[in-house]
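Written out below as structure tokens is the structure these notes cover.
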Amino acid sequence: MKPSTHPESGCRRFYGHGIPGVNPAELAGKLIAVEGADGSGRSTQIAQLVAWLETGGRPTVQVGLKRSTLVSAELEKAQEGNILSRTTLALFYATDFADQLENIILPALRAGFIVLADRYIYTLMARDMVRGMDQPWLKNLYGMALEPDGVFYLSVEPQELVQRNLAKSATLDYWESGMDLGLSPDLFDSFLEYQGRMQKAFKELQKSYDFEIIDANRPVEAVTKDLRKKISVLLNGD
């Protein structure tokens, strides 16, 4: 059965086994995930969404990768050595996600907040797929995840991502360049190849998870307008 990223009221569900003792129907808030590579404008768009929603009287809570109080510091430290195996990396991130799901996302939704996820399970799954992990194994691993009300993937071409990342920090990230995969000894070439593979992985995941792909090669204002329009429909039902 193909999951929908727009569950009808009262039909909220987990993707798989979920969290024991939690009734999804009792979660009154909304969960919105914004996906995209570093340089896609993801964080900028979320900051603007927070300001827009809260100005409109809708309280928000934010979550994202490596923000768990349980393992985020350990994960950050482990990545500095650039020696993590693909399975260890996958389980680290899954633990980080599970902790935030149980202690931040679910309580906030229960209280009626809008939860904005600065990346969700799809980035984690795409990363693991590019590293050769088995997709059924990943779907089972993230069967604990709650199905969002809306998922928006900000798609940017790899060449544009390079320019944006270099303009921002004058360097490219080891892991976001897929250097652990041995794609190329050159950081620049590895980044292009890795991000191209990530785009393909997201398109593959879309077949199963039916999220929306937003063209984020455009100016920030155009992307913001699109997101606000789509989220207004999601929240207001019109």
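Residues in the structure tokens are numbered from 1 in each chain, the chains being A, B, ... in the order shown, and ligands are numbered from 1 in the order shown.
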
Checklist entry - Can you list, as JSON, numbers by chain, every residue of stretch 21-161 of chain A that DSSP puts in helix (DSSP H, G or I)? => result {"A": [24, 25, 26, 42, 43, 44, 45, 46, 47, 48, 49, 50, 51, 52, 53, 54, 55, 72, 73, 74, 75, 76, 77, 78, 79, 80, 86, 87, 88, 89, 90, 91, 92, 93, 94, 95, 96, 97, 98, 99, 100, 101, 102, 103, 104, 105, 106, 107, 108, 109, 110, 121, 122, 123, 124, 125, 126, 127, 128, 129, 130, 135, 136, 137, 138, 139, 140, 141, 142, 143, 144, 158, 159, 160, 161]}

Next on the checklist: Applying 10 Å and only C-alpha atoms, which residues near A:Ile19 remain after dropping the ones on its own chain fewer than 2 positions away? List them as a ChimeraX atom specification.
Outcome noted: /A:14,16-17,21-24,98,101-102,106,143-146

Item to check | strand (DSSP E or B) residues, from DSSP on the backbone, in stretch 37-136 of chain A, as a PyMOL selection string | outcome: chain A and resi 60-64+114-118

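When atom CA of A:Thr60 is paired with atom CA of A:Arg12, their separation reads 18.9 Å.
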
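Minimum atom-to-atom distance to A:Ala216, evaluated using only C-alpha atoms, belongs to A:Leu154 out of A:Val71, A:Leu91, A:Leu154, A:Met133.
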
Item to check | Residues near A:Ile231, cut-off 10 Å, only C-alpha atoms, skip fewer than 6 positions along chain, as an NGL selection string | outcome: :A and (32 or 49 or 53 or 149-152 or 237)

Checklist entry - For A:Leu27, which residue among A:Ala111, A:Pro59, A:Phe92, A:Trp175 is the nearest when counting only C-alpha atoms? => result A:Ala111
